[in-house]
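Participant: Sharing upload29.tsv here; it has TSV, C-alpha atoms and all ligand atoms.
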chain	number	residue	atom	x	y	z
B	125	MET	CA	99.65	55.82	91.59
B	126	ARG	CA	98.09	56.26	95.01
B	127	TYR	CA	98.71	53.63	97.66
B	128	VAL	CA	96.51	53.12	100.73
B	129	ARG	CA	96.23	50.90	103.80
B	130	PHE	CA	92.69	50.07	104.71
B	131	GLN	CA	90.18	47.83	106.43
B	132	ARG	CA	86.92	46.79	104.87
B	133	ARG	CA	83.96	47.59	107.10
B	134	GLY	CA	83.27	44.72	109.48
B	135	GLU	CA	86.70	43.14	108.95
B	136	ASP	CA	89.78	43.21	111.17
B	137	ALA	CA	92.26	42.40	108.41
B	138	VAL	CA	94.50	45.29	107.38
B	139	ARG	CA	95.08	45.40	103.63
B	140	LEU	CA	97.41	47.25	101.33
B	141	GLY	CA	95.79	48.72	98.29
B	142	TRP	CA	95.59	51.36	95.64
B	143	ILE	CA	92.90	53.93	94.96
B	144	GLU	CA	91.65	55.40	91.72
B	145	ASP	CA	88.45	57.34	91.05
B	146	GLU	CA	87.21	56.60	94.60
B	147	ARG	CA	87.53	52.86	94.10
B	148	ILE	CA	90.03	50.67	95.89
B	149	GLY	CA	91.85	47.53	94.85
B	150	SER	CA	94.15	45.42	96.98
B	151	ILE	CA	97.84	44.72	96.51
B	152	GLU	CA	99.65	41.42	96.85
B	153	GLY	CA	103.27	41.58	97.95
B	154	SER	CA	105.20	44.28	99.75
B	155	LEU	CA	104.75	47.99	99.23
B	156	PHE	CA	108.45	48.69	98.74
B	157	GLY	CA	109.30	45.45	96.95
B	158	ALA	CA	107.69	43.36	94.26
B	159	HIS	CA	103.91	43.59	94.33
B	160	ARG	CA	100.93	43.01	92.13
B	161	ARG	CA	97.86	45.20	91.86
B	162	ILE	CA	94.46	43.50	91.92
B	163	PRO	CA	91.89	45.41	89.84
B	164	VAL	CA	89.84	47.97	91.75
B	165	THR	CA	86.99	46.30	93.57
B	166	TRP	CA	85.49	48.34	96.40
B	167	PRO	CA	84.03	51.85	96.55
B	168	SER	CA	86.20	53.91	98.91
B	169	SER	CA	83.06	54.68	100.96
B	170	THR	CA	82.98	51.03	102.07
B	171	VAL	CA	86.45	50.98	103.63
B	172	LYS	CA	88.23	52.73	106.47
B	173	LEU	CA	91.50	54.27	105.35
B	174	LEU	CA	94.38	53.81	107.82
B	175	SER	CA	97.68	55.68	107.89
B	176	PRO	CA	99.13	54.76	104.48
B	177	LEU	CA	102.13	53.11	106.12
B	178	VAL	CA	103.49	52.25	109.54
B	179	PRO	CA	106.75	54.19	109.40
B	180	GLY	CA	110.14	53.22	110.74
B	181	LYS	CA	111.91	56.43	111.68
B	182	ILE	CA	110.07	59.74	111.39
B	183	VAL	CA	112.72	62.40	110.80
B	184	CYS	CA	111.45	65.97	111.03
B	185	VAL	CA	112.81	69.37	110.11
B	186	GLY	CA	112.23	72.49	112.19
B	187	ARG	CA	112.05	76.06	110.85
B	188	ASN	CA	112.27	75.11	107.19
B	189	TYR	CA	110.08	78.05	106.08
B	190	ILE	CA	111.43	81.54	106.79
B	191	GLU	CA	108.05	83.05	107.72
B	192	HIS	CA	107.40	80.30	110.28
B	193	ALA	CA	110.80	80.87	111.94
B	194	ARG	CA	109.97	84.61	112.09
B	195	GLU	CA	106.60	84.05	113.75
B	196	HIS	CA	108.46	82.42	116.65
B	197	ASP	CA	111.26	85.02	116.63
B	198	ALA	CA	113.65	82.20	115.81
B	199	GLU	CA	116.69	82.22	113.56
B	200	VAL	CA	116.51	80.44	110.23
B	201	PRO	CA	119.00	77.60	110.73
B	202	GLU	CA	122.19	77.46	108.64
B	203	VAL	CA	121.85	73.70	108.34
B	204	PRO	CA	118.58	71.73	108.67
B	205	LEU	CA	117.38	71.53	112.28
B	206	LEU	CA	116.39	67.90	112.87
B	207	PHE	CA	114.26	66.11	115.43
B	208	LEU	CA	112.42	62.79	115.57
B	209	LYS	CA	108.84	61.76	116.23
B	210	PRO	CA	108.10	58.20	117.38
B	211	PRO	CA	106.12	55.82	115.11
B	212	SER	CA	103.72	55.35	118.06
B	213	ALA	CA	102.41	58.89	117.41
B	214	VAL	CA	101.03	57.96	113.98
B	215	ILE	CA	97.29	57.94	113.29
B	216	GLY	CA	95.36	57.78	110.03
B	217	PRO	CA	92.72	59.90	108.32
B	218	HIS	CA	89.72	60.76	110.55
B	219	ASP	CA	91.34	59.29	113.67
B	220	PRO	CA	91.10	61.75	116.58
B	221	ILE	CA	94.01	63.90	117.72
B	222	ILE	CA	93.81	63.61	121.52
B	223	LEU	CA	94.82	66.68	123.50
B	224	PRO	CA	97.09	65.54	126.35
B	225	LEU	CA	96.41	66.61	129.93
B	226	GLN	CA	100.00	67.85	130.24
B	227	SER	CA	99.60	70.67	127.69
B	228	GLY	CA	97.45	73.77	127.46
B	229	GLN	CA	98.64	74.75	123.96
B	230	VAL	CA	98.50	72.09	121.27
B	231	GLU	CA	99.05	73.38	117.73
B	232	HIS	CA	98.77	72.11	114.16
B	233	GLU	CA	101.68	72.07	111.70
B	234	ALA	CA	100.74	71.19	108.11
B	235	GLU	CA	103.64	69.50	106.30
B	236	LEU	CA	104.62	67.60	103.18
B	237	ALA	CA	105.76	64.10	104.16
B	238	VAL	CA	108.28	62.12	102.10
B	239	VAL	CA	108.12	58.30	102.13
B	240	ILE	CA	111.50	56.63	101.60
B	241	GLY	CA	111.43	53.73	99.13
B	242	ARG	CA	114.88	52.20	99.52
B	243	LYS	CA	117.97	52.33	101.68
B	244	ALA	CA	119.75	55.67	101.33
B	245	ARG	CA	123.16	56.43	102.80
B	246	ARG	CA	125.22	59.49	101.97
B	247	ILE	CA	123.38	60.31	98.80
B	248	ALA	CA	123.69	63.52	96.79
B	249	PRO	CA	120.74	65.86	96.23
B	250	ASN	CA	120.60	64.95	92.54
B	251	GLU	CA	120.25	61.26	93.44
B	252	ALA	CA	117.51	61.76	96.03
B	253	ARG	CA	114.57	61.25	93.70
B	254	ASP	CA	115.61	57.61	93.14
B	255	TYR	CA	115.24	56.85	96.85
B	256	ILE	CA	111.80	58.40	97.34
B	257	PHE	CA	108.74	56.17	97.08
B	258	GLY	CA	106.17	58.96	97.24
B	259	TYR	CA	104.55	61.73	99.22
B	260	THR	CA	101.70	62.16	101.66
B	261	ALA	CA	100.30	64.83	103.97
B	262	ALA	CA	101.27	65.10	107.63
B	263	ASN	CA	100.27	67.11	110.66
B	264	ASP	CA	103.24	67.60	113.01
B	265	VAL	CA	101.03	68.20	116.04
B	266	THR	CA	103.02	69.99	118.73
B	267	ALA	CA	102.50	70.87	122.40
B	268	ARG	CA	103.93	74.37	121.98
B	269	ASP	CA	104.03	75.21	125.68
B	270	LEU	CA	106.07	72.09	126.43
B	271	GLN	CA	108.34	72.73	123.43
B	272	HIS	CA	109.24	76.15	124.86
B	273	LYS	CA	109.49	74.90	128.42
B	274	ASP	CA	111.72	71.90	127.70
B	275	GLY	CA	114.15	73.45	125.22
B	276	GLN	CA	114.54	70.14	123.43
B	277	TRP	CA	111.47	68.89	121.66
B	278	THR	CA	110.95	65.18	122.25
B	279	ARG	CA	108.09	65.48	124.73
B	280	ALA	CA	106.27	68.24	122.86
B	281	LYS	CA	106.31	66.34	119.56
B	282	SER	CA	105.76	62.75	120.68
B	283	PHE	CA	102.38	62.32	122.35
B	284	ASP	CA	100.20	59.51	121.00
B	285	THR	CA	98.09	60.75	118.05
B	286	PHE	CA	100.51	63.66	117.32
B	287	CYS	CA	101.42	62.42	113.82
B	288	PRO	CA	98.42	62.11	111.49
B	289	LEU	CA	99.52	60.79	108.06
B	290	GLY	CA	97.51	60.29	104.88
B	291	PRO	CA	95.20	59.88	103.18
B	292	TRP	CA	97.46	57.96	100.73
B	293	ILE	CA	100.96	57.88	99.27
B	294	ASP	CA	101.10	59.58	95.89
B	295	THR	CA	104.04	58.41	93.78
B	296	GLN	CA	103.73	60.87	90.93
B	297	VAL	CA	103.66	64.34	92.44
B	298	ASP	CA	106.67	66.67	92.10
B	299	PRO	CA	107.62	68.19	95.48
B	300	GLY	CA	109.12	71.43	94.14
B	301	ASP	CA	106.07	73.72	94.10
B	302	LEU	CA	103.03	72.29	95.91
B	303	ARG	CA	100.54	74.41	97.81
B	304	ILE	CA	100.16	73.40	101.47
B	305	THR	CA	96.96	74.53	103.18
B	306	CYS	CA	95.81	74.00	106.75
B	307	ARG	CA	92.19	74.65	107.70
B	308	VAL	CA	90.66	74.47	111.16
B	309	ASN	CA	86.86	74.26	111.04
B	310	ASP	CA	87.07	75.37	107.38
B	311	GLN	CA	89.04	78.55	108.25
B	312	ILE	CA	92.41	78.83	106.52
B	313	ARG	CA	95.29	78.95	109.04
B	314	GLN	CA	98.30	78.13	106.85
B	315	MET	CA	98.90	78.46	103.11
B	316	ALA	CA	102.26	78.42	101.35
B	317	SER	CA	104.15	76.63	98.62
B	318	THR	CA	106.85	74.01	99.11
B	319	ARG	CA	108.88	76.32	96.84
B	320	GLU	CA	109.36	78.48	99.96
B	321	MET	CA	111.28	75.78	101.85
B	322	VAL	CA	114.70	76.88	103.12
B	323	PHE	CA	116.11	73.43	102.28
B	324	SER	CA	114.45	71.49	99.45
B	325	VAL	CA	113.27	67.90	99.80
B	326	PHE	CA	116.32	66.69	97.87
B	327	GLN	CA	118.75	68.78	99.96
B	328	LEU	CA	117.13	67.39	103.11
B	329	MET	CA	117.50	63.81	101.83
B	330	ALA	CA	121.22	64.40	101.22
B	331	PHE	CA	121.77	66.07	104.59
B	332	ILE	CA	119.87	63.46	106.64
B	333	SER	CA	121.32	60.45	104.80
B	334	GLY	CA	124.80	61.78	105.65
B	335	ILE	CA	123.90	61.36	109.33
B	336	MET	CA	121.70	58.26	109.50
B	337	THR	CA	120.86	55.54	107.00
B	338	LEU	CA	117.36	56.01	105.68
B	339	ASP	CA	115.42	52.79	105.08
B	340	ALA	CA	112.36	51.93	103.05
B	341	GLY	CA	109.35	52.97	105.10
B	342	ASP	CA	111.05	55.83	106.91
B	343	VAL	CA	109.25	59.16	106.65
B	344	LEU	CA	110.55	62.74	106.52
B	345	LEU	CA	108.41	65.66	107.65
B	346	THR	CA	109.73	68.66	105.79
B	347	GLY	CA	108.72	71.57	108.03
B	348	THR	CA	105.68	73.79	108.35
B	349	PRO	CA	104.85	77.22	106.87
B	350	ALA	CA	103.77	80.23	108.92
B	351	GLY	CA	100.35	80.32	110.55
B	352	VAL	CA	100.55	77.57	113.15
B	353	GLY	CA	97.87	77.96	115.80
B	354	PRO	CA	95.94	76.30	118.59
B	355	LEU	CA	93.66	73.28	118.40
B	356	GLN	CA	90.68	72.90	120.74
B	357	SER	CA	88.49	69.96	121.56
B	358	GLY	CA	85.73	69.79	118.96
B	359	ASP	CA	87.85	71.26	116.14
B	360	SER	CA	88.31	69.57	112.80
B	361	VAL	CA	91.74	70.11	111.21
B	362	GLN	CA	92.58	69.57	107.55
B	363	VAL	CA	95.99	69.43	105.91
B	364	GLU	CA	95.66	69.71	102.14
B	365	ILE	CA	98.58	69.25	99.77
B	366	GLU	CA	98.06	70.14	96.16
B	367	GLY	CA	98.25	67.09	93.92
B	368	ILE	CA	97.97	64.71	96.87
B	369	GLY	CA	94.74	65.27	98.81
B	370	ILE	CA	93.24	66.18	102.17
B	371	LEU	CA	94.14	64.68	105.54
B	372	GLU	CA	91.37	65.45	108.04
B	373	ASN	CA	91.28	64.71	111.76
B	374	PRO	CA	88.93	65.65	114.60
B	375	VAL	CA	90.39	66.97	117.85
B	376	VAL	CA	89.18	65.64	121.19
B	377	GLY	CA	90.02	66.39	124.82
B	378	ALA	CA	92.04	64.00	126.92
B	379	ALA	CA	90.22	61.12	128.49
B	380	VAL	CA	90.27	62.11	132.14
B	381	GLU	CA	92.00	59.29	133.91
B	382	PRO	CA	94.18	59.37	137.00
B	383	SER	CA	97.73	59.21	135.81
B	384	ALA	CA	101.02	59.27	137.66
B	385	THR	CA	102.68	60.54	134.52
B	386	ALA	CA	100.57	63.67	134.05
B	387	ILE	CA	103.22	65.91	135.55
B	388	THR	CA	104.01	69.16	133.84
Q	401	ZN	ZN	106.92	70.62	112.13
Rewrite the structure of this file - the entire thing - as structure tokens.

Facilitator:
Amino acid sequence: MRYVRFQRRGEDAVRLGWIEDERIGSIEGSLFGAHRRIPVTWPSSTVKLLSPLVPGKIVCVGRNYIEHAREHDAEVPEVPLLFLKPPSAVIGPHDPIILPLQSGQVEHEAELAVVIGRKARRIAPNEARDYIFGYTAANDVTARDLQHKDGQWTRAKSFDTFCPLGPWIDTQVDPGDLRITCRVNDQIRQMASTREMVFSVFQLMAFISGIMTLDAGDVLLTGTPAGVGPLQSGDSVQVEIEGIGILENPVVGAAVEPSATAIT
């Protein structure tokens, strides 16, 4: 099953739905609770897909692929290296990634995203599957210059538009061996398998749920493979995850506006 959030063209109402063979039906009820599927009604070309959920927490993992740690001359961590992105950074498919004035080096990070389906606290890796609702694609957009300058990562990871998610939540895919590909203007920048993760999705679920309770609607970003690189205004960036789909976003320059906060 593939779940979407969407608006029909010309309507303000945000709907939950499901997609099959490029046709979309709506859903009555709550995504993570009881709900009923209405038969598919609209061609997907007549709707605008939004981020497939509005997450609670977004818990992210740094350096979870050995080759990516090496490209930054960084150690592979002995335990998962965690950071958070704010829900305010989330955008949906085809929404623009806006380059902030404060950074001269914004980069893409293609990642598998895990959507939590129910409350998880101190779970074991072999229980993790029961707590996962599904999977989607994410781009952990990062202001690399600010990440290096600050030492800790909150500013570099948290600008508005720095967390594209989508295009839908797939509930069937197995996370163990999925190809992740990032293309910028149709050129391949990143390609690896989730099999190459240092800590698997289920190990990450166990580790994180031993620190903080995970709730339905929280999202985990599971780290990026080697090949991260710069984004420029005018680029189009795609994150493709095998078995899920393609998340595509244009990149635009910052709106030039006087701002007291644009201090680097
Ligand atoms: Zn990342």

Participant: Can you list, as number ranges by chain, every protein, DNA or RNA residue that comes within 7 Å of Arg147 of chain B when you count all atoms listed in the file, leaving out same-chain residues fewer than 6 positions away?

Facilitator: B: 164-168

Participant: Near Ala234 of chain B, within 7 Å and counting only C-alpha atoms, which residues show up once chain neighbours fewer than 2 positions away are dropped, as number ranges by chain?

Facilitator: B: 232, 262-264, 306, 348, 363

Participant: Of the candidates B:Gln229, B:Ser212, B:Thr295, B:Thr346, which shows the shortest atom-to-atom distance to ligand ZN 401 (chain Q), using all atoms listed in the file?

Facilitator: B:Thr346

Participant: May I have the protein, DNA and RNA residues with any atom at most 12 Å from the point (100.3, 65.5, 105.0), counting all atoms listed in the file, written as an MDAnalysis selection string?

Facilitator: chainID B and resid 175:176 214:217 232:239 258:265 287:294 302:306 343:348 361:373

Participant: Which residue, B:Ala193, B:Ile256, B:Leu270, B:Val185, has the smallest gap to ligand ZN 401 (chain Q) when you use all atoms listed in the file?

Facilitator: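 Among B:Ala193, B:Ile256, B:Leu270, B:Val185, it is B:Val185 that comes nearest to ligand ZN 401 (chain Q).
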
Participant: Can you measure atom CA of Glu146 of chain B to atom CA of Ser169 of chain B for me? One decimal in Å is fine.

Facilitator: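 Separation of atom CA of Glu146 of chain B and atom CA of Ser169 of chain B: 7.8 Å.
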
Participant: Interatomic distance between atom CA of Gly334 of chain B and atom CA of Arg245 of chain B?

Facilitator: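 Pair atom CA of Gly334 of chain B / atom CA of Arg245 of chain B returns 6.3 Å.
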
Participant: Counting all atoms listed in the file, which residue out of B:Arg132, B:Ala198, B:Pro349, B:Ala330 sits closest to Ala248 of chain B?

Facilitator: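 Closest residue, counting all atoms listed in the file: B:Ala330.
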
Participant: Can you tell me, as a list in words, what residues are no more than 7 Å from Ala213 of chain B when counting all atoms listed in the file, ignoring any on the same chain fewer than 2 positions away?

Facilitator: Pro210, Pro211, Ile215, Ser282, Phe283, Asp284, Thr285, Phe286 and Cys287 of chain B

Participant: Using only C-alpha atoms for the distances, tell me which of B:Val376, B:Ile247, B:Ile182, B:Val128 is nearest to Met329 of chain B.

Facilitator: B:Ile247

Participant: Report as an mmCIF file with C-alpha atoms, keeping the file's coordinate frame all protein, DNA and RNA residues lying within 10 Å of Ile162 of chain B, evaluated on all atoms listed in the file, omitting residues in the same chain fewer than 5 positions from it.

Facilitator:
data_model
loop_
_atom_site.group_PDB
_atom_site.id
_atom_site.type_symbol
_atom_site.label_atom_id
_atom_site.label_comp_id
_atom_site.auth_asym_id
_atom_site.auth_seq_id
_atom_site.Cartn_x
_atom_site.Cartn_y
_atom_site.Cartn_z
ATOM 1 C CA GLY B 141 95.790 48.720 98.290
ATOM 2 C CA TRP B 142 95.590 51.360 95.640
ATOM 3 C CA ILE B 148 90.030 50.670 95.890
ATOM 4 C CA GLY B 149 91.850 47.530 94.850
ATOM 5 C CA SER B 150 94.150 45.420 96.980
ATOM 6 C CA ILE B 151 97.840 44.720 96.510
ATOM 7 C CA GLU B 152 99.650 41.420 96.850
#

Participant: How far is it from atom CA of Arg194 of chain B to atom CA of Phe326 of chain B, in Å with one decimal?

Facilitator: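 Between atom CA of Arg194 of chain B and atom CA of Phe326 of chain B the gap is 23.7 Å.
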
Participant: I'd like to know which of B:Glu191, B:Glu202, B:Glu231, B:Glu251 is closest to ligand ZN 401 (chain Q), using all atoms listed in the file.

Facilitator: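 Using all atoms listed in the file, ligand ZN 401 (chain Q) sits closest to B:Glu231.
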
Participant: Please return as an MDAnalysis selection string every residue within 7 Å of (90.5, 56.4, 104.2), taking into account all atoms listed in the file and the file's own coordinates.

Facilitator: chainID B and resid 130 171:174 217 291

Participant: Could those residues be written to a file, using C-alpha atoms, as a compact mmCIF listing (two decimals), keeping the file's coordinate frame?

Facilitator:
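Heads up, here's the output in selection_24.txt:
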# COMPACT_ATOMS: atom_id res chain seq x y z
CA PHE B 130 92.69 50.07 104.71
CA VAL B 171 86.45 50.98 103.63
CA LYS B 172 88.23 52.73 106.47
CA LEU B 173 91.50 54.27 105.35
CA LEU B 174 94.38 53.81 107.82
CA PRO B 217 92.72 59.90 108.32
CA PRO B 291 95.20 59.88 103.18

Participant: Let me have the centre and edge lengths of the axis-aligned box enclosing all listed atoms of segment 187-190 of chain B with 4 Å padding on every side, in Å to one decimal, as lines of an AutoDock Vina configuration file.

Facilitator:
center_x = 111.2
center_y = 78.3
center_z = 108.5
size_x = 10.2
size_y = 14.4
size_z = 12.8

Participant: Missing atoms in segment 300-312 of chain B: fill them in up to N, CA, C and O atoms and send the result as a CSV table (one decimal), in the frame of the given file.

Facilitator:
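Result written to rebuild_19.csv:
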chain,number,residue,atom,x,y,z
B,300,GLY,N,108.5,70.1,94.2
B,300,GLY,CA,109.1,71.4,94.1
B,300,GLY,C,108.2,72.6,94.4
B,300,GLY,O,108.7,73.7,94.8
B,301,ASP,N,107.0,72.5,94.0
B,301,ASP,CA,106.1,73.7,94.1
B,301,ASP,C,104.6,73.3,94.3
B,301,ASP,O,103.8,73.3,93.4
B,302,LEU,N,104.4,72.8,95.5
B,302,LEU,CA,103.0,72.3,95.9
B,302,LEU,C,102.4,73.2,97.0
B,302,LEU,O,103.1,73.6,97.9
B,303,ARG,N,101.2,73.6,96.8
B,303,ARG,CA,100.5,74.4,97.8
B,303,ARG,C,100.2,73.6,99.0
B,303,ARG,O,99.6,72.5,98.9
B,304,ILE,N,100.5,74.0,100.2
B,304,ILE,CA,100.2,73.4,101.5
B,304,ILE,C,99.1,74.3,102.2
B,304,ILE,O,99.4,75.5,102.3
B,305,THR,N,98.0,73.7,102.5
B,305,THR,CA,97.0,74.5,103.2
B,305,THR,C,96.5,73.8,104.5
B,305,THR,O,96.4,72.6,104.4
B,306,CYS,N,96.4,74.6,105.5
B,306,CYS,CA,95.8,74.0,106.8
B,306,CYS,C,94.5,74.8,107.1
B,306,CYS,O,94.5,76.0,107.1
B,307,ARG,N,93.5,74.0,107.3
B,307,ARG,CA,92.2,74.6,107.7
B,307,ARG,C,91.8,74.1,109.1
B,307,ARG,O,91.9,72.8,109.3
B,308,VAL,N,91.3,74.9,109.9
B,308,VAL,CA,90.7,74.5,111.2
B,308,VAL,C,89.2,74.9,111.1
B,308,VAL,O,88.9,76.1,111.0
B,309,ASN,N,88.3,74.0,111.2
B,309,ASN,CA,86.9,74.3,111.0
B,309,ASN,C,86.6,75.1,109.8
B,309,ASN,O,85.9,76.1,109.8
B,310,ASP,N,87.2,74.7,108.7
B,310,ASP,CA,87.1,75.4,107.4
B,310,ASP,C,87.7,76.8,107.3
B,310,ASP,O,87.6,77.4,106.2
B,311,GLN,N,88.3,77.3,108.3
B,311,GLN,CA,89.0,78.6,108.2
B,311,GLN,C,90.5,78.3,107.9
B,311,GLN,O,91.1,77.4,108.5
B,312,ILE,N,91.0,79.0,106.9
B,312,ILE,CA,92.4,78.8,106.5
B,312,ILE,C,93.4,79.4,107.6
B,312,ILE,O,93.2,80.5,108.0
